[in-house]
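Participant: As input, take work_21.pdb (PDB, C-alpha atoms, pLDDT in the B column):
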ATOM      1  CA  MET A 165     -83.106 -13.662  37.254  1.00 95.00           C
ATOM      2  CA  LEU A 166     -81.050 -15.631  34.793  1.00 97.00           C
ATOM      3  CA  PHE A 167     -77.538 -14.553  33.866  1.00 98.00           C
ATOM      4  CA  VAL A 168     -75.476 -16.054  31.045  1.00 98.00           C
ATOM      5  CA  GLU A 169     -71.809 -15.970  30.152  1.00 98.00           C
ATOM      6  CA  GLU A 170     -69.573 -17.561  27.529  1.00 98.00           C
ATOM      7  CA  VAL A 171     -65.974 -18.554  28.071  1.00 98.00           C
ATOM      8  CA  THR A 172     -63.763 -19.438  25.133  1.00 98.00           C
ATOM      9  CA  VAL A 173     -60.915 -21.690  26.166  1.00 98.00           C
ATOM     10  CA  PRO A 174     -57.985 -21.625  23.705  1.00 98.00           C
ATOM     11  CA  LYS A 175     -56.614 -24.973  22.607  1.00 98.00           C
ATOM     12  CA  GLY A 176     -54.034 -26.457  24.919  1.00 97.00           C
ATOM     13  CA  THR A 177     -54.809 -24.173  27.882  1.00 98.00           C
ATOM     14  CA  SER A 178     -53.019 -25.755  30.847  1.00 98.00           C
ATOM     15  CA  GLU A 179     -54.527 -26.308  34.284  1.00 97.00           C
ATOM     16  CA  GLU A 180     -51.613 -24.334  35.732  1.00 97.00           C
ATOM     17  CA  ASN A 181     -52.481 -21.274  33.606  1.00 98.00           C
ATOM     18  CA  PRO A 182     -56.269 -21.445  33.090  1.00 98.00           C
ATOM     19  CA  VAL A 183     -58.579 -18.898  31.504  1.00 98.00           C
ATOM     20  CA  GLU A 184     -60.426 -16.840  34.128  1.00 98.00           C
ATOM     21  CA  LYS A 185     -63.529 -14.734  33.557  1.00 98.00           C
ATOM     22  CA  GLU A 186     -65.694 -12.899  36.060  1.00 98.00           C
ATOM     23  CA  MET A 187     -69.461 -13.173  35.849  1.00 98.00           C
ATOM     24  CA  GLU A 188     -71.384 -10.295  37.410  1.00 97.00           C
ATOM     25  CA  LEU A 189     -74.701 -11.131  39.062  1.00 97.00           C
ATOM     26  CA  GLU A 190     -77.429  -9.161  40.815  1.00 96.00           C
ATOM     27  CA  PRO A 191     -77.467  -9.375  44.608  1.00 96.00           C
ATOM     28  CA  GLY A 192     -79.650 -12.182  45.953  1.00 96.00           C
ATOM     29  CA  VAL A 193     -79.410 -15.944  46.349  1.00 96.00           C
ATOM     30  CA  LEU A 194     -77.471 -17.891  43.724  1.00 98.00           C
ATOM     31  CA  THR A 195     -79.584 -21.055  43.496  1.00 97.00           C
ATOM     32  CA  ARG A 196     -78.426 -22.765  40.329  1.00 98.00           C
ATOM     33  CA  ILE A 197     -75.515 -22.871  37.917  1.00 98.00           C
ATOM     34  CA  ASP A 198     -75.648 -24.770  34.630  1.00 98.00           C
ATOM     35  CA  ILE A 199     -72.411 -25.490  32.802  1.00 98.00           C
ATOM     36  CA  VAL A 200     -73.023 -26.305  29.133  1.00 98.00           C
ATOM     37  CA  PHE A 201     -70.369 -28.396  27.396  1.00 98.00           C
ATOM     38  CA  PRO A 202     -71.059 -28.580  23.633  1.00 98.00           C
ATOM     39  CA  PHE A 203     -70.317 -31.747  21.686  1.00 97.00           C
ATOM     40  CA  GLY A 204     -66.632 -31.937  20.845  1.00 96.00           C
ATOM     41  CA  CYS A 205     -65.290 -31.096  24.293  1.00 96.00           C
ATOM     42  CA  ASN A 206     -64.843 -34.849  24.852  1.00 96.00           C
ATOM     43  CA  CYS A 207     -64.336 -34.333  28.598  1.00 97.00           C
ATOM     44  CA  MET A 208     -61.050 -32.570  27.860  1.00 97.00           C
ATOM     45  CA  VAL A 209     -62.264 -29.093  28.867  1.00 98.00           C
ATOM     46  CA  GLY A 210     -62.514 -28.522  32.608  1.00 98.00           C
ATOM     47  CA  VAL A 211     -64.357 -25.826  34.539  1.00 98.00           C
ATOM     48  CA  LYS A 212     -64.266 -24.593  38.128  1.00 98.00           C
ATOM     49  CA  ILE A 213     -66.324 -21.850  39.768  1.00 98.00           C
ATOM     50  CA  ALA A 214     -64.893 -19.572  42.455  1.00 98.00           C
ATOM     51  CA  TYR A 215     -66.537 -17.142  44.859  1.00 97.00           C
ATOM     52  CA  GLY A 216     -63.871 -14.686  45.902  1.00 93.00           C
ATOM     53  CA  GLU A 217     -60.705 -16.724  46.155  1.00 93.00           C
ATOM     54  CA  LYS A 218     -62.476 -19.943  47.177  1.00 97.00           C
ATOM     55  CA  ILE A 219     -63.322 -22.664  44.667  1.00 97.00           C
ATOM     56  CA  ILE A 220     -66.976 -23.551  45.317  1.00 97.00           C
ATOM     57  CA  LEU A 221     -67.490 -25.951  42.398  1.00 98.00           C
ATOM     58  CA  PRO A 222     -66.605 -28.731  42.284  1.00 98.00           C
ATOM     59  CA  SER A 223     -66.676 -29.453  46.010  1.00 96.00           C
ATOM     60  CA  ASN A 224     -63.346 -31.232  45.665  1.00 97.00           C
ATOM     61  CA  PRO A 225     -61.351 -28.253  44.316  1.00 95.00           C
ATOM     62  CA  GLU A 226     -58.430 -30.307  43.016  1.00 97.00           C
ATOM     63  CA  LYS A 227     -60.747 -31.761  40.338  1.00 98.00           C
ATOM     64  CA  TRP A 228     -62.463 -30.188  37.295  1.00 98.00           C
ATOM     65  CA  ILE A 229     -66.056 -30.370  36.060  1.00 98.00           C
ATOM     66  CA  LYS A 230     -65.985 -31.858  32.554  1.00 98.00           C
ATOM     67  CA  GLY A 231     -68.490 -32.930  29.943  1.00 98.00           C
ATOM     68  CA  ASN A 232     -69.309 -33.517  26.297  1.00 98.00           C
ATOM     69  CA  GLY A 233     -72.598 -32.567  24.668  1.00 98.00           C
ATOM     70  CA  GLU A 234     -74.288 -32.086  28.013  1.00 98.00           C
ATOM     71  CA  THR A 235     -75.437 -29.566  30.555  1.00 98.00           C
ATOM     72  CA  VAL A 236     -74.218 -30.059  34.103  1.00 98.00           C
ATOM     73  CA  PRO A 237     -76.893 -28.628  36.452  1.00 98.00           C
ATOM     74  CA  ILE A 238     -75.755 -27.648  39.932  1.00 98.00           C
ATOM     75  CA  ARG A 239     -78.088 -26.598  42.751  1.00 97.00           C
ATOM     76  CA  LEU A 240     -76.659 -24.414  45.481  1.00 96.00           C
ATOM     77  CA  SER A 241     -77.615 -21.706  47.912  1.00 95.00           C
ATOM     78  CA  LEU A 242     -75.129 -18.849  47.989  1.00 96.00           C
ATOM     79  CA  GLU A 243     -76.403 -15.616  49.526  1.00 94.00           C
ATOM     80  CA  HIS A 244     -74.834 -12.294  48.561  1.00 95.00           C
ATOM     81  CA  TYR A 245     -76.815  -9.093  49.082  1.00 92.00           C
ATOM     82  CA  ASP A 246     -74.167  -6.427  48.413  1.00 91.00           C
ATOM     83  CA  GLU A 247     -72.948  -5.141  45.084  1.00 91.00           C
ATOM     84  CA  PRO A 248     -70.923  -6.235  43.291  1.00 91.00           C
ATOM     85  CA  PHE A 249     -71.839  -9.943  43.323  1.00 95.00           C
ATOM     86  CA  ARG A 250     -69.334 -11.800  41.180  1.00 97.00           C
ATOM     87  CA  ILE A 251     -68.298 -15.355  40.620  1.00 98.00           C
ATOM     88  CA  LYS A 252     -65.216 -16.412  38.694  1.00 98.00           C
ATOM     89  CA  ILE A 253     -65.253 -19.008  35.932  1.00 98.00           C
ATOM     90  CA  ILE A 254     -61.958 -20.876  35.612  1.00 98.00           C
ATOM     91  CA  ALA A 255     -61.403 -23.114  32.586  1.00 98.00           C
ATOM     92  CA  ALA A 256     -58.624 -25.225  31.108  1.00 98.00           C
ATOM     93  CA  SER A 257     -58.281 -27.560  28.135  1.00 98.00           C
ATOM     94  CA  PRO A 258     -54.928 -29.352  28.227  1.00 97.00           C
ATOM     95  CA  GLY A 259     -54.234 -31.617  25.284  1.00 94.00           C
ATOM     96  CA  THR A 260     -56.908 -30.126  23.011  1.00 97.00           C
ATOM     97  CA  ASN A 261     -56.342 -29.201  19.370  1.00 96.00           C
ATOM     98  CA  TYR A 262     -59.209 -26.709  19.069  1.00 96.00           C
ATOM     99  CA  ASP A 263     -60.619 -23.750  20.970  1.00 98.00           C
ATOM    100  CA  HIS A 264     -63.806 -24.558  22.898  1.00 98.00           C
ATOM    101  CA  THR A 265     -66.572 -22.275  24.153  1.00 98.00           C
ATOM    102  CA  ILE A 266     -68.323 -23.207  27.383  1.00 98.00           C
ATOM    103  CA  TYR A 267     -71.621 -21.603  28.389  1.00 98.00           C
ATOM    104  CA  ILE A 268     -72.559 -20.748  31.966  1.00 98.00           C
ATOM    105  CA  ARG A 269     -76.082 -19.963  33.180  1.00 98.00           C
ATOM    106  CA  ALA A 270     -76.649 -18.684  36.719  1.00 98.00           C
ATOM    107  CA  GLU A 271     -80.005 -18.251  38.463  1.00 98.00           C
ATOM    108  CA  VAL A 272     -80.259 -15.634  41.211  1.00 97.00           C
ATOM    109  CA  LEU A 273     -83.482 -15.293  43.194  1.00 96.00           C
ATOM    110  CA  PRO A 274     -84.630 -12.691  45.724  1.00 93.00           C
ATOM    111  CA  GLU A 275     -84.353 -13.911  49.323  1.00 90.00           C
ATOM    112  CA  GLU A 276     -88.143 -14.077  49.816  1.00 88.00           C
ATOM    113  CA  ILE A 277     -88.500 -16.431  46.858  1.00 90.00           C
ATOM    114  CA  ALA A 278     -85.422 -18.549  47.591  1.00 90.00           C
ATOM    115  CA  PHE A 279     -86.353 -18.899  51.279  1.00 87.00           C
ATOM    116  CA  PRO A 280     -90.141 -18.504  51.703  1.00 83.00           C
ATOM    117  CA  GLU A 281     -89.888 -19.947  55.213  1.00 86.00           C
ATOM    118  CA  ARG A 282     -87.978 -16.821  56.316  1.00 80.00           C
ATOM    119  CA  ARG A 283     -90.898 -14.637  55.290  1.00 81.00           C
ATOM    120  CA  LEU A 284     -93.264 -16.873  57.233  1.00 82.00           C
ATOM    121  CA  ALA A 285     -90.982 -16.697  60.281  1.00 82.00           C
ATOM    122  CA  LYS A 286     -91.034 -12.890  60.113  1.00 82.00           C
ATOM    123  CA  MET A 287     -94.833 -12.882  59.866  1.00 83.00           C
ATOM    124  CA  LEU A 288     -95.133 -15.236  62.851  1.00 84.00           C
ATOM    125  CA  ALA A 289     -92.753 -13.044  64.862  1.00 82.00           C
ATOM    126  CA  GLU A 290     -94.968 -10.017  64.132  1.00 84.00           C
ATOM    127  CA  ILE A 291     -98.063 -11.947  65.216  1.00 83.00           C
ATOM    128  CA  ALA A 292     -96.298 -13.073  68.384  1.00 80.00           C
ATOM    129  CA  LYS A 293     -95.501  -9.440  69.258  1.00 80.00           C
ATOM    130  CA  LYS A 294     -99.211  -8.627  69.094  1.00 81.00           C
ATOM    131  CA  LEU A 295    -100.196 -11.584  71.259  1.00 79.00           C
ATOM    132  CA  VAL A 296     -99.102 -10.064  74.545  1.00 71.00           C
ATOM    133  CA  VAL A 297    -100.125 -11.919  77.674  1.00 67.00           C
ATOM    134  CA  ARG A 298    -101.408  -9.519  80.340  1.00 69.00           C
ATOM    135  CA  PRO A 299    -101.983 -10.446  83.969  1.00 72.00           C
ATOM    136  CA  LEU A 300    -105.580 -10.697  85.153  1.00 72.00           C
ATOM    137  CA  GLU A 301    -106.693  -7.920  87.443  1.00 69.00           C
TER     138      GLU A 301
END
Here is a file; write its structure as structure tokens.
Facilitator:
Amino acid sequence: MLFVEEVTVPKGTSEENPVEKEMELEPGVLTRIDIVFPFGCNCMVGVKIAYGEKIILPSNPEKWIKGNGETVPIRLSLEHYDEPFRIKIIAASPGTNYDHTIYIRAEVLPEEIAFPERRLAKMLAEIAKKLVVRPLE
């Protein structure tokens, strides 16, 4: 499943008072986030992604993900099987003279697709249950 969200960051938005927007996802495994920075951002618009109150992107939370005319692809593996499943997009644009819109794409997969080895492990466990060793009489 692919989810998309847009975040418009007003000109001059400080890092101390960033724009925040929640993105609602379906339960499953968040496997990829793409952050699309259109041309014109000139690496002056920064984005962070939070899960609950914890910044998960970038890994060094004191920094910001920035770009210009590029898509920043991020692979991850975040499991969340209850509803609601939300991530928070945090964005700032200090020193800018124009509003900027950043686009976020998030891929969520079912557990059996994200982790096929788990399904195999379950199947092997079922087979093992049926392979009971009985003493010879």
Participant: Kindly indicate which residue among A:His264, A:Lys293, A:Arg283, A:Arg269 lies nearest to Gly231 (chain A), using all atoms listed in the file for the distances.
Facilitator: A:His264
Participant: Any chance you could work out the residue set of the PyMOL selection byres ((chain A and resi 171) around 12) here, as a ChimeraX atom specification?
Facilitator: /A:168-170,172-174,182-187,199-201,209-212,252-257,263-269
Participant: Name the residues that the PyMOL selection byres ((chain A and resi 245-250) around 6) picks from the file above, as JSON, numbers by chain, using the file's chain letters and numbers.
Facilitator: {"A": [187, 188, 189, 191, 192, 244, 251]}
Participant: Identify all residues satisfying the PyMOL selection byres ((chain A and resi 233) around 10) in the given file; provide them as number ranges by chain.
Facilitator: A: 200-207, 231-232, 234-236
Participant: Could the residues in this selection be written to a file with C-alpha atoms, as a PDB file, in the coordinates of the input?
Facilitator:
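Written output follows (out-v2.pdb):
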ATOM      1  CA  VAL A 200     -73.023 -26.305  29.133  1.00 98.00           C
ATOM      2  CA  PHE A 201     -70.369 -28.396  27.396  1.00 98.00           C
ATOM      3  CA  PRO A 202     -71.059 -28.580  23.633  1.00 98.00           C
ATOM      4  CA  PHE A 203     -70.317 -31.747  21.686  1.00 97.00           C
ATOM      5  CA  GLY A 204     -66.632 -31.937  20.845  1.00 96.00           C
ATOM      6  CA  CYS A 205     -65.290 -31.096  24.293  1.00 96.00           C
ATOM      7  CA  ASN A 206     -64.843 -34.849  24.852  1.00 96.00           C
ATOM      8  CA  CYS A 207     -64.336 -34.333  28.598  1.00 97.00           C
ATOM      9  CA  GLY A 231     -68.490 -32.930  29.943  1.00 98.00           C
ATOM     10  CA  ASN A 232     -69.309 -33.517  26.297  1.00 98.00           C
ATOM     11  CA  GLU A 234     -74.288 -32.086  28.013  1.00 98.00           C
ATOM     12  CA  THR A 235     -75.437 -29.566  30.555  1.00 98.00           C
ATOM     13  CA  VAL A 236     -74.218 -30.059  34.103  1.00 98.00           C
TER      14      VAL A 236
END
Participant: Name the closest residue to Lys230 (chain A) among the candidates A:Met208, A:Ala292, A:Glu217, A:Lys286; distances are taken between atoms, counting only C-alpha atoms.
Facilitator: A:Met208
